[in-house]
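Engineer: Structure file target.pdb (PDB, C-alpha atoms and all ligand atoms) right here:
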```
ATOM      1  CA  MET A 115      23.187 149.582 -50.202  1.00  0.00           C
ATOM      2  CA  GLN A 116      26.781 150.279 -51.155  1.00  0.00           C
ATOM      3  CA  ARG A 117      30.274 149.224 -50.122  1.00  0.00           C
ATOM      4  CA  LEU A 118      31.794 151.527 -47.528  1.00  0.00           C
ATOM      5  CA  ASP A 119      35.073 151.963 -49.466  1.00  0.00           C
ATOM      6  CA  LYS A 120      33.177 152.873 -52.670  1.00  0.00           C
ATOM      7  CA  PHE A 121      31.006 155.344 -50.784  1.00  0.00           C
ATOM      8  CA  LEU A 122      34.063 157.005 -49.210  1.00  0.00           C
ATOM      9  CA  SER A 123      36.013 157.279 -52.455  1.00  0.00           C
ATOM     10  CA  GLU A 124      33.029 158.604 -54.413  1.00  0.00           C
ATOM     11  CA  ALA A 125      32.403 161.147 -51.682  1.00  0.00           C
ATOM     12  CA  GLY A 126      35.972 162.327 -52.264  1.00  0.00           C
ATOM     13  CA  ALA A 127      37.104 161.412 -48.738  1.00  0.00           C
ATOM     14  CA  ALA A 128      40.244 159.693 -49.991  1.00  0.00           C
ATOM     15  CA  SER A 129      41.511 157.704 -52.942  1.00  0.00           C
ATOM     16  CA  ARG A 130      40.748 153.981 -53.127  1.00  0.00           C
ATOM     17  CA  ARG A 131      44.419 153.250 -52.398  1.00  0.00           C
ATOM     18  CA  GLU A 132      44.618 155.447 -49.305  1.00  0.00           C
ATOM     19  CA  LEU A 133      41.356 154.123 -47.947  1.00  0.00           C
ATOM     20  CA  LYS A 134      42.653 150.716 -46.902  1.00  0.00           C
ATOM     21  CA  ALA A 135      45.237 152.290 -44.642  1.00  0.00           C
ATOM     22  CA  ILE A 136      42.800 154.863 -43.295  1.00  0.00           C
ATOM     23  CA  LEU A 137      40.225 152.192 -42.472  1.00  0.00           C
ATOM     24  CA  LYS A 138      42.893 150.192 -40.605  1.00  0.00           C
ATOM     25  CA  THR A 139      43.592 153.119 -38.281  1.00  0.00           C
ATOM     26  CA  GLY A 140      39.980 153.027 -37.051  1.00  0.00           C
ATOM     27  CA  ALA A 141      39.271 156.576 -38.229  1.00  0.00           C
ATOM     28  CA  VAL A 142      36.043 155.592 -39.969  1.00  0.00           C
ATOM     29  CA  ARG A 143      32.841 155.068 -38.014  1.00  0.00           C
ATOM     30  CA  VAL A 144      29.403 154.004 -39.198  1.00  0.00           C
ATOM     31  CA  ASN A 145      26.634 155.057 -36.814  1.00  0.00           C
ATOM     32  CA  GLY A 146      29.281 155.613 -34.158  1.00  0.00           C
ATOM     33  CA  ARG A 147      30.942 152.197 -34.457  1.00  0.00           C
ATOM     34  CA  VAL A 148      34.454 151.790 -35.842  1.00  0.00           C
ATOM     35  CA  VAL A 149      34.459 149.861 -39.137  1.00  0.00           C
ATOM     36  CA  THR A 150      37.751 148.676 -40.615  1.00  0.00           C
ATOM     37  CA  ASP A 151      36.462 146.498 -43.456  1.00  0.00           C
ATOM     38  CA  GLY A 152      35.910 148.470 -46.667  1.00  0.00           C
ATOM     39  CA  ALA A 153      33.600 145.774 -48.027  1.00  0.00           C
ATOM     40  CA  THR A 154      31.030 146.505 -45.303  1.00  0.00           C
ATOM     41  CA  LYS A 155      27.680 147.384 -46.855  1.00  0.00           C
ATOM     42  CA  ILE A 156      26.106 150.674 -45.827  1.00  0.00           C
ATOM     43  CA  ASP A 157      22.830 152.367 -46.648  1.00  0.00           C
ATOM     44  CA  GLU A 158      23.958 155.810 -47.805  1.00  0.00           C
ATOM     45  CA  ALA A 159      20.479 157.244 -47.195  1.00  0.00           C
ATOM     46  CA  LYS A 160      20.323 156.150 -43.544  1.00  0.00           C
ATOM     47  CA  ASP A 161      23.759 155.385 -42.148  1.00  0.00           C
ATOM     48  CA  ALA A 162      25.889 158.159 -40.669  1.00  0.00           C
ATOM     49  CA  VAL A 163      29.505 157.830 -41.786  1.00  0.00           C
ATOM     50  CA  THR A 164      32.289 159.851 -40.165  1.00  0.00           C
ATOM     51  CA  LEU A 165      35.983 160.176 -40.934  1.00  0.00           C
ATOM     52  CA  SER A 166      38.071 161.345 -37.973  1.00  0.00           C
ATOM     53  CA  GLY A 167      34.821 162.547 -36.409  1.00  0.00           C
ATOM     54  CA  ASN A 168      33.696 164.569 -39.466  1.00  0.00           C
ATOM     55  CA  PRO A 169      30.498 163.561 -41.300  1.00  0.00           C
ATOM     56  CA  VAL A 170      31.053 162.308 -44.856  1.00  0.00           C
ATOM     57  CA  ALA A 171      28.291 163.380 -47.219  1.00  0.00           C
ATOM     58  CA  ALA A 172      27.262 161.225 -50.163  1.00  0.00           C
ATOM     59  CA  LYS A 173      28.286 162.433 -53.591  1.00  0.00           C
ATOM     60  CA  ARG A 174      25.947 165.180 -54.685  1.00  0.00           C
ATOM     61  CA  GLN A 175      23.658 164.033 -57.465  1.00  0.00           C
ATOM     62  CA  ILE A 176      23.281 166.562 -60.241  1.00  0.00           C
ATOM     63  CA  VAL A 177      21.892 167.027 -63.716  1.00  0.00           C
ATOM     64  CA  LEU A 178      23.611 169.473 -66.075  1.00  0.00           C
ATOM     65  CA  LEU A 179      22.042 171.017 -69.131  1.00  0.00           C
ATOM     66  CA  LEU A 180      24.606 171.813 -71.823  1.00  0.00           C
ATOM     67  CA  HIS A 181      24.038 173.760 -75.028  1.00  0.00           C
ATOM     68  CA  LYS A 182      26.339 171.607 -77.127  1.00  0.00           C
ATOM     69  CA  PRO A 183      28.082 173.344 -80.023  1.00  0.00           C
ATOM     70  CA  ALA A 184      28.877 171.481 -83.258  1.00  0.00           C
ATOM     71  CA  GLY A 185      32.324 169.909 -83.464  1.00  0.00           C
ATOM     72  CA  TYR A 186      32.293 167.950 -80.197  1.00  0.00           C
ATOM     73  CA  VAL A 187      31.610 164.222 -79.909  1.00  0.00           C
ATOM     74  CA  THR A 188      29.312 162.937 -77.182  1.00  0.00           C
ATOM     75  CA  SER A 189      31.762 160.707 -75.406  1.00  0.00           C
ATOM     76  CA  THR A 190      33.818 160.799 -72.238  1.00  0.00           C
ATOM     77  CA  ASP A 191      37.011 159.995 -74.114  1.00  0.00           C
ATOM     78  CA  ASP A 192      38.053 160.089 -77.774  1.00  0.00           C
ATOM     79  CA  PRO A 193      41.464 159.623 -79.404  1.00  0.00           C
ATOM     80  CA  ARG A 194      40.827 162.136 -82.226  1.00  0.00           C
ATOM     81  CA  ASP A 195      37.968 164.509 -81.545  1.00  0.00           C
ATOM     82  CA  ARG A 196      37.179 167.037 -78.860  1.00  0.00           C
ATOM     83  CA  THR A 197      34.579 165.597 -76.474  1.00  0.00           C
ATOM     84  CA  VAL A 198      31.699 167.328 -74.692  1.00  0.00           C
ATOM     85  CA  MET A 199      33.548 166.644 -71.421  1.00  0.00           C
ATOM     86  CA  GLU A 200      35.979 169.415 -72.397  1.00  0.00           C
ATOM     87  CA  LEU A 201      33.063 171.833 -71.972  1.00  0.00           C
ATOM     88  CA  ILE A 202      32.360 170.634 -68.424  1.00  0.00           C
ATOM     89  CA  PRO A 203      34.156 172.428 -65.568  1.00  0.00           C
ATOM     90  CA  GLU A 204      36.372 170.273 -63.337  1.00  0.00           C
ATOM     91  CA  GLU A 205      34.086 170.751 -60.309  1.00  0.00           C
ATOM     92  CA  TYR A 206      31.372 168.810 -62.166  1.00  0.00           C
ATOM     93  CA  ARG A 207      33.647 166.285 -63.851  1.00  0.00           C
ATOM     94  CA  ARG A 208      34.864 165.299 -60.391  1.00  0.00           C
ATOM     95  CA  LEU A 209      31.294 164.231 -59.623  1.00  0.00           C
ATOM     96  CA  ASP A 210      31.489 161.692 -62.466  1.00  0.00           C
ATOM     97  CA  VAL A 211      28.784 163.120 -64.698  1.00  0.00           C
ATOM     98  CA  VAL A 212      28.279 161.352 -68.028  1.00  0.00           C
ATOM     99  CA  PRO A 213      26.246 162.352 -71.088  1.00  0.00           C
ATOM    100  CA  VAL A 214      22.642 161.182 -71.272  1.00  0.00           C
ATOM    101  CA  GLY A 215      22.271 159.684 -74.732  1.00  0.00           C
ATOM    102  CA  ARG A 216      24.139 161.089 -77.671  1.00  0.00           C
ATOM    103  CA  LEU A 217      24.161 164.004 -80.076  1.00  0.00           C
ATOM    104  CA  ASP A 218      26.153 163.618 -83.299  1.00  0.00           C
ATOM    105  CA  LYS A 219      29.369 165.607 -83.657  1.00  0.00           C
ATOM    106  CA  ASP A 220      27.617 168.015 -86.038  1.00  0.00           C
ATOM    107  CA  THR A 221      24.406 168.304 -84.013  1.00  0.00           C
ATOM    108  CA  GLU A 222      23.961 171.240 -81.671  1.00  0.00           C
ATOM    109  CA  GLY A 223      21.652 171.744 -78.767  1.00  0.00           C
ATOM    110  CA  LEU A 224      20.386 170.379 -75.517  1.00  0.00           C
ATOM    111  CA  LEU A 225      22.473 167.640 -73.941  1.00  0.00           C
ATOM    112  CA  LEU A 226      21.931 166.476 -70.373  1.00  0.00           C
ATOM    113  CA  LEU A 227      24.737 165.050 -68.257  1.00  0.00           C
ATOM    114  CA  THR A 228      24.259 163.410 -64.889  1.00  0.00           C
ATOM    115  CA  ASN A 229      25.756 161.159 -62.229  1.00  0.00           C
ATOM    116  CA  ASP A 230      22.298 159.836 -61.323  1.00  0.00           C
ATOM    117  CA  GLY A 231      22.369 156.407 -62.940  1.00  0.00           C
ATOM    118  CA  ALA A 232      18.672 155.633 -62.511  1.00  0.00           C
ATOM    119  CA  LEU A 233      17.616 158.934 -64.024  1.00  0.00           C
ATOM    120  CA  GLN A 234      20.055 158.528 -66.905  1.00  0.00           C
ATOM    121  CA  HIS A 235      18.624 155.127 -67.727  1.00  0.00           C
ATOM    122  CA  ARG A 236      15.034 156.391 -67.707  1.00  0.00           C
ATOM    123  CA  LEU A 237      15.792 159.425 -69.842  1.00  0.00           C
ATOM    124  CA  ILE A 238      17.215 157.172 -72.534  1.00  0.00           C
ATOM    125  CA  SER A 239      14.735 154.317 -72.312  1.00  0.00           C
ATOM    126  CA  PRO A 240      12.004 154.419 -75.003  1.00  0.00           C
ATOM    127  CA  LYS A 241       9.735 152.948 -72.301  1.00  0.00           C
ATOM    128  CA  TYR A 242       9.477 156.351 -70.601  1.00  0.00           C
ATOM    129  CA  ARG A 243       8.650 158.130 -73.865  1.00  0.00           C
ATOM    130  CA  VAL A 244      10.582 161.303 -73.065  1.00  0.00           C
ATOM    131  CA  GLU A 245      10.006 163.639 -76.025  1.00  0.00           C
ATOM    132  CA  LYS A 246      13.080 165.084 -77.735  1.00  0.00           C
ATOM    133  CA  ARG A 247      12.334 167.927 -80.095  1.00  0.00           C
ATOM    134  CA  TYR A 248      14.685 168.923 -82.906  1.00  0.00           C
ATOM    135  CA  TYR A 249      14.868 171.851 -85.276  1.00  0.00           C
ATOM    136  CA  ALA A 250      16.100 170.663 -88.682  1.00  0.00           C
ATOM    137  CA  ARG A 251      17.131 172.445 -91.843  1.00  0.00           C
ATOM    138  CA  HIS A 252      16.992 170.141 -94.832  1.00  0.00           C
ATOM    139  CA  GLU A 253      16.667 169.846 -98.563  1.00  0.00           C
ATOM    140  CA  GLY A 254      13.132 169.842 -99.955  1.00  0.00           C
ATOM    141  CA  THR A 255       9.909 170.651 -98.136  1.00  0.00           C
ATOM    142  CA  ALA A 256       8.130 168.302 -95.720  1.00  0.00           C
ATOM    143  CA  SER A 257       4.617 167.420 -96.875  1.00  0.00           C
ATOM    144  CA  PRO A 258       1.534 166.200 -94.994  1.00  0.00           C
ATOM    145  CA  ALA A 259       2.313 162.717 -96.377  1.00  0.00           C
ATOM    146  CA  ASP A 260       5.746 162.868 -94.721  1.00  0.00           C
ATOM    147  CA  ALA A 261       4.122 163.857 -91.415  1.00  0.00           C
ATOM    148  CA  GLU A 262       1.692 160.942 -91.721  1.00  0.00           C
ATOM    149  CA  ALA A 263       4.550 158.516 -92.406  1.00  0.00           C
ATOM    150  CA  PHE A 264       6.368 159.773 -89.281  1.00  0.00           C
ATOM    151  CA  GLN A 265       3.189 159.374 -87.235  1.00  0.00           C
ATOM    152  CA  ALA A 266       2.645 155.832 -88.498  1.00  0.00           C
ATOM    153  CA  GLY A 267       6.183 154.752 -87.521  1.00  0.00           C
ATOM    154  CA  LEU A 268       8.845 154.893 -90.212  1.00  0.00           C
ATOM    155  CA  VAL A 269      10.782 151.908 -91.457  1.00  0.00           C
ATOM    156  CA  LEU A 270      14.344 153.025 -92.231  1.00  0.00           C
ATOM    157  CA  LYS A 271      16.320 151.819 -95.218  1.00  0.00           C
ATOM    158  CA  ASP A 272      18.063 149.086 -93.170  1.00  0.00           C
ATOM    159  CA  GLY A 273      14.693 147.813 -91.898  1.00  0.00           C
ATOM    160  CA  THR A 274      14.832 149.581 -88.501  1.00  0.00           C
ATOM    161  CA  LEU A 275      11.329 150.330 -87.238  1.00  0.00           C
ATOM    162  CA  CYS A 276      10.864 153.701 -85.536  1.00  0.00           C
ATOM    163  CA  LEU A 277       8.293 154.546 -82.891  1.00  0.00           C
ATOM    164  CA  PRO A 278       5.631 157.047 -84.023  1.00  0.00           C
ATOM    165  CA  ALA A 279       7.140 160.530 -84.270  1.00  0.00           C
ATOM    166  CA  LYS A 280       5.971 164.048 -85.097  1.00  0.00           C
ATOM    167  CA  LEU A 281       7.071 166.045 -88.120  1.00  0.00           C
ATOM    168  CA  ARG A 282       5.921 169.641 -88.439  1.00  0.00           C
ATOM    169  CA  SER A 283       6.929 171.617 -91.493  1.00  0.00           C
ATOM    170  CA  LEU A 284       8.047 175.151 -90.674  1.00  0.00           C
ATOM    171  CA  GLY A 285       8.236 176.083 -94.364  1.00  0.00           C
ATOM    172  CA  PRO A 286      10.528 175.227 -97.282  1.00  0.00           C
ATOM    173  CA  GLY A 287      13.642 173.442 -95.970  1.00  0.00           C
ATOM    174  CA  GLU A 288      12.759 173.716 -92.270  1.00  0.00           C
ATOM    175  CA  SER A 289      10.971 171.316 -89.933  1.00  0.00           C
ATOM    176  CA  GLU A 290      10.468 170.398 -86.316  1.00  0.00           C
ATOM    177  CA  VAL A 291      10.846 166.712 -85.451  1.00  0.00           C
ATOM    178  CA  THR A 292       9.837 165.130 -82.144  1.00  0.00           C
ATOM    179  CA  VAL A 293      10.921 161.600 -81.234  1.00  0.00           C
ATOM    180  CA  THR A 294      10.759 159.489 -78.077  1.00  0.00           C
ATOM    181  CA  GLU A 295      13.774 157.280 -78.703  1.00  0.00           C
ATOM    182  CA  GLY A 296      17.422 157.814 -79.612  1.00  0.00           C
ATOM    183  CA  LYS A 297      18.608 155.438 -82.281  1.00  0.00           C
ATOM    184  CA  TYR A 298      21.905 156.120 -84.045  1.00  0.00           C
ATOM    185  CA  HIS A 299      21.552 159.178 -86.356  1.00  0.00           C
ATOM    186  CA  GLN A 300      17.837 158.781 -85.892  1.00  0.00           C
ATOM    187  CA  VAL A 301      16.468 162.110 -87.065  1.00  0.00           C
ATOM    188  CA  ARG A 302      18.906 162.369 -89.975  1.00  0.00           C
ATOM    189  CA  ARG A 303      18.009 158.841 -91.105  1.00  0.00           C
ATOM    190  CA  MET A 304      14.268 159.418 -90.691  1.00  0.00           C
ATOM    191  CA  MET A 305      14.404 162.582 -92.768  1.00  0.00           C
ATOM    192  CA  ALA A 306      16.637 160.955 -95.401  1.00  0.00           C
ATOM    193  CA  SER A 307      14.171 158.079 -95.738  1.00  0.00           C
ATOM    194  CA  ARG A 308      11.598 160.647 -96.906  1.00  0.00           C
ATOM    195  CA  GLY A 309      13.995 162.339 -99.322  1.00  0.00           C
ATOM    196  CA  LEU A 310      14.618 165.273 -96.970  1.00  0.00           C
ATOM    197  CA  PRO A 311      18.369 165.110 -96.148  1.00  0.00           C
ATOM    198  CA  VAL A 312      19.283 167.185 -93.099  1.00  0.00           C
ATOM    199  CA  THR A 313      21.866 169.957 -93.407  1.00  0.00           C
ATOM    200  CA  TYR A 314      21.614 171.341 -89.852  1.00  0.00           C
ATOM    201  CA  LEU A 315      20.223 169.799 -86.660  1.00  0.00           C
ATOM    202  CA  ARG A 316      19.661 171.226 -83.194  1.00  0.00           C
ATOM    203  CA  ARG A 317      17.896 169.652 -80.216  1.00  0.00           C
ATOM    204  CA  ASP A 318      15.720 172.324 -78.615  1.00  0.00           C
ATOM    205  CA  ARG A 319      13.806 170.381 -75.993  1.00  0.00           C
ATOM    206  CA  GLU A 320      13.972 167.230 -73.893  1.00  0.00           C
ATOM    207  CA  GLY A 321      10.866 166.581 -71.790  1.00  0.00           C
ATOM    208  CA  PHE A 322       9.987 169.949 -70.256  1.00  0.00           C
ATOM    209  CA  LEU A 323      13.577 171.231 -70.461  1.00  0.00           C
ATOM    210  CA  THR A 324      14.605 173.759 -73.102  1.00  0.00           C
ATOM    211  CA  LEU A 325      17.682 175.740 -74.114  1.00  0.00           C
ATOM    212  CA  GLU A 326      16.060 179.011 -73.115  1.00  0.00           C
ATOM    213  CA  GLY A 327      18.581 181.605 -71.958  1.00  0.00           C
ATOM    214  CA  LEU A 328      21.571 179.327 -72.546  1.00  0.00           C
ATOM    215  CA  PRO A 329      24.079 180.458 -75.205  1.00  0.00           C
ATOM    216  CA  ARG A 330      25.868 177.886 -77.348  1.00  0.00           C
ATOM    217  CA  GLY A 331      28.691 176.249 -75.359  1.00  0.00           C
ATOM    218  CA  ALA A 332      27.237 177.247 -71.972  1.00  0.00           C
ATOM    219  CA  LEU A 333      25.798 174.965 -69.319  1.00  0.00           C
ATOM    220  CA  ARG A 334      23.815 175.168 -66.126  1.00  0.00           C
ATOM    221  CA  GLU A 335      22.810 172.904 -63.280  1.00  0.00           C
ATOM    222  CA  LEU A 336      19.144 171.943 -63.102  1.00  0.00           C
ATOM    223  CA  THR A 337      17.468 173.618 -60.142  1.00  0.00           C
ATOM    224  CA  ALA A 338      16.266 171.428 -57.268  1.00  0.00           C
ATOM    225  CA  GLY A 339      12.720 172.005 -58.534  1.00  0.00           C
ATOM    226  CA  GLU A 340      13.543 170.911 -62.076  1.00  0.00           C
ATOM    227  CA  TYR A 341      15.410 167.859 -60.801  1.00  0.00           C
ATOM    228  CA  ALA A 342      12.471 166.877 -58.592  1.00  0.00           C
ATOM    229  CA  GLN A 343      10.015 167.364 -61.483  1.00  0.00           C
ATOM    230  CA  LEU A 344      12.143 165.235 -63.788  1.00  0.00           C
ATOM    231  CA  ALA A 345      12.440 162.474 -61.184  1.00  0.00           C
ATOM    232  CA  ALA A 346       8.686 162.608 -60.541  1.00  0.00           C
ATOM    233  CA  GLU A 347       7.836 162.427 -64.240  1.00  0.00           C
ATOM    234  CA  LEU A 348      10.156 159.471 -64.656  1.00  0.00           C
ATOM    235  CA  ALA A 349       9.124 157.601 -61.514  1.00  0.00           C
ATOM    236  CA  PRO A 350       9.063 153.845 -62.152  1.00  0.00           C
TER
HETATM  237  N1  LIG A 401      19.206 162.373 -84.504  1.00  0.00           N
HETATM  238  C1  LIG A 401      20.301 162.501 -85.279  1.00  0.00           C
HETATM  239  O1  LIG A 401      20.288 162.101 -86.432  1.00  0.00           O
HETATM  240  N2  LIG A 401      21.371 163.069 -84.767  1.00  0.00           N
HETATM  241  C2  LIG A 401      21.434 163.526 -83.505  1.00  0.00           C
HETATM  242  O2  LIG A 401      22.467 164.030 -83.093  1.00  0.00           O
HETATM  243  C3  LIG A 401      20.297 163.400 -82.707  1.00  0.00           C
HETATM  244  C4  LIG A 401      19.196 162.813 -83.229  1.00  0.00           C
END
```
Since I need it in another form, could you write the structure as structure tokens?
Ligand code: URA

Structural biologist:
Amino acid sequence: MQRLDKFLSEAGAASRRELKAILKTGAVRVNGRVVTDGATKIDEAKDAVTLSGNPVAAKRQIVLLLHKPAGYVTSTDDPRDRTVMELIPEEYRRLDVVPVGRLDKDTEGLLLLTNDGALQHRLISPKYRVEKRYYARHEGTASPADAEAFQAGLVLKDGTLCLPAKLRSLGPGESEVTVTEGKYHQVRRMMASRGLPVTYLRRDREGFLTLEGLPRGALRELTAGEYAQLAAELAP
């Protein structure tokens, strides 16, 4: 259930300010009946809303997959740095998409953005155990003992306990790290705690989604099939 005025403004029918006046004129109908009170609760999945006889569709829910370049902060607004929102075309920004979780300014790779609040929450929540896989270049070489420590659940220098994670050495100075949570600077701090400071970090995978075919700086909308799969995998 949602307020009628919120539904209309989010659908782009009119600005919040204009809406009051529009509602007063009787131009808005819910299931055929004139409604003049913007506070009226509607069920956006069931109720038919019209403005001057034209159906008003709910805001389209979308998930975007961005290949974030280094140098952008994951924020909707920043006084100093460029934000990832500058990489999002206006047609999507108008739908109020926000980043799902965070990649550091220097981290590249897969970043999802969405206006689906429930999905956003589940993607971030450690409860849903969505795997995030990173490619890391670092000093030193990861050993089997490091992998075992990751698997057991690392304790970081400040006492933070991490959920079990995977560390796969790809050779000297290169590893793949898979985590199911998103603590601040998590991968960098995990690697540093084992004496393997990270010099380059890229997220390659989140759940079943990858960067395949997407150049750095580019983005695409998830297909209806991908969106449905994601929602199904993250069903409560
Ligand atoms: N872990 C980090 O340390 N940085 C990121 O950007 C993502 C995960």

Engineer: Could you list, as a PyMOL selection string, every residue within 7 Å of range 118-128 of chain A, counting only C-alpha atoms and ignoring same-chain residues fewer than 3 positions away?

Structural biologist: chain A and resi 132-133+152-156+171-173

Engineer: Since we have the selection now, will you write its residues out, keeping C-alpha atoms, as a tab-separated table (two decimals), in the frame of the given file?

Structural biologist:
```tsv
chain	number	residue	atom	x	y	z
A	132	GLU	CA	44.62	155.45	-49.30
A	133	LEU	CA	41.36	154.12	-47.95
A	152	GLY	CA	35.91	148.47	-46.67
A	153	ALA	CA	33.60	145.77	-48.03
A	154	THR	CA	31.03	146.50	-45.30
A	155	LYS	CA	27.68	147.38	-46.86
A	156	ILE	CA	26.11	150.67	-45.83
A	171	ALA	CA	28.29	163.38	-47.22
A	172	ALA	CA	27.26	161.22	-50.16
A	173	LYS	CA	28.29	162.43	-53.59
```

Engineer: So which one's closest to Gly223 in chain A, A:Tyr298, A:Tyr248, A:Phe322, A:Phe264? Using all atoms listed in the file, please.

Structural biologist: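 Closest candidate: A:Tyr248.
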
Engineer: Taking all atoms listed in the file into account, report as a PyMOL selection string which residues have an atom no farther than 8 Å from an atom of ligand LIG 401 (chain A).

Structural biologist: chain A and resi 216-222+248+296-304+315-317

Engineer: Report the distance between CA of Arg319 in chain A and CA of Ala338 in chain A in Å, rounded to one decimal place.

Structural biologist: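 Going from CA of Arg319 in chain A over to CA of Ala338 in chain A covers 18.9 Å.
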
Engineer: Between CA of Gly167 in chain A and CA of Ala141 in chain A, what is the distance, to one decimal in Å?

Structural biologist: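 If I compute the distance from CA of Gly167 in chain A to CA of Ala141 in chain A, I get 7.7 Å.
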
Engineer: I'd like to know which of A:Leu180, A:Leu225, A:Val211, A:Ile238 is closest to Gly327 in chain A, using all atoms listed in the file.

Structural biologist: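 Among the listed residues, A:Leu180 lies closest to Gly327 in chain A.
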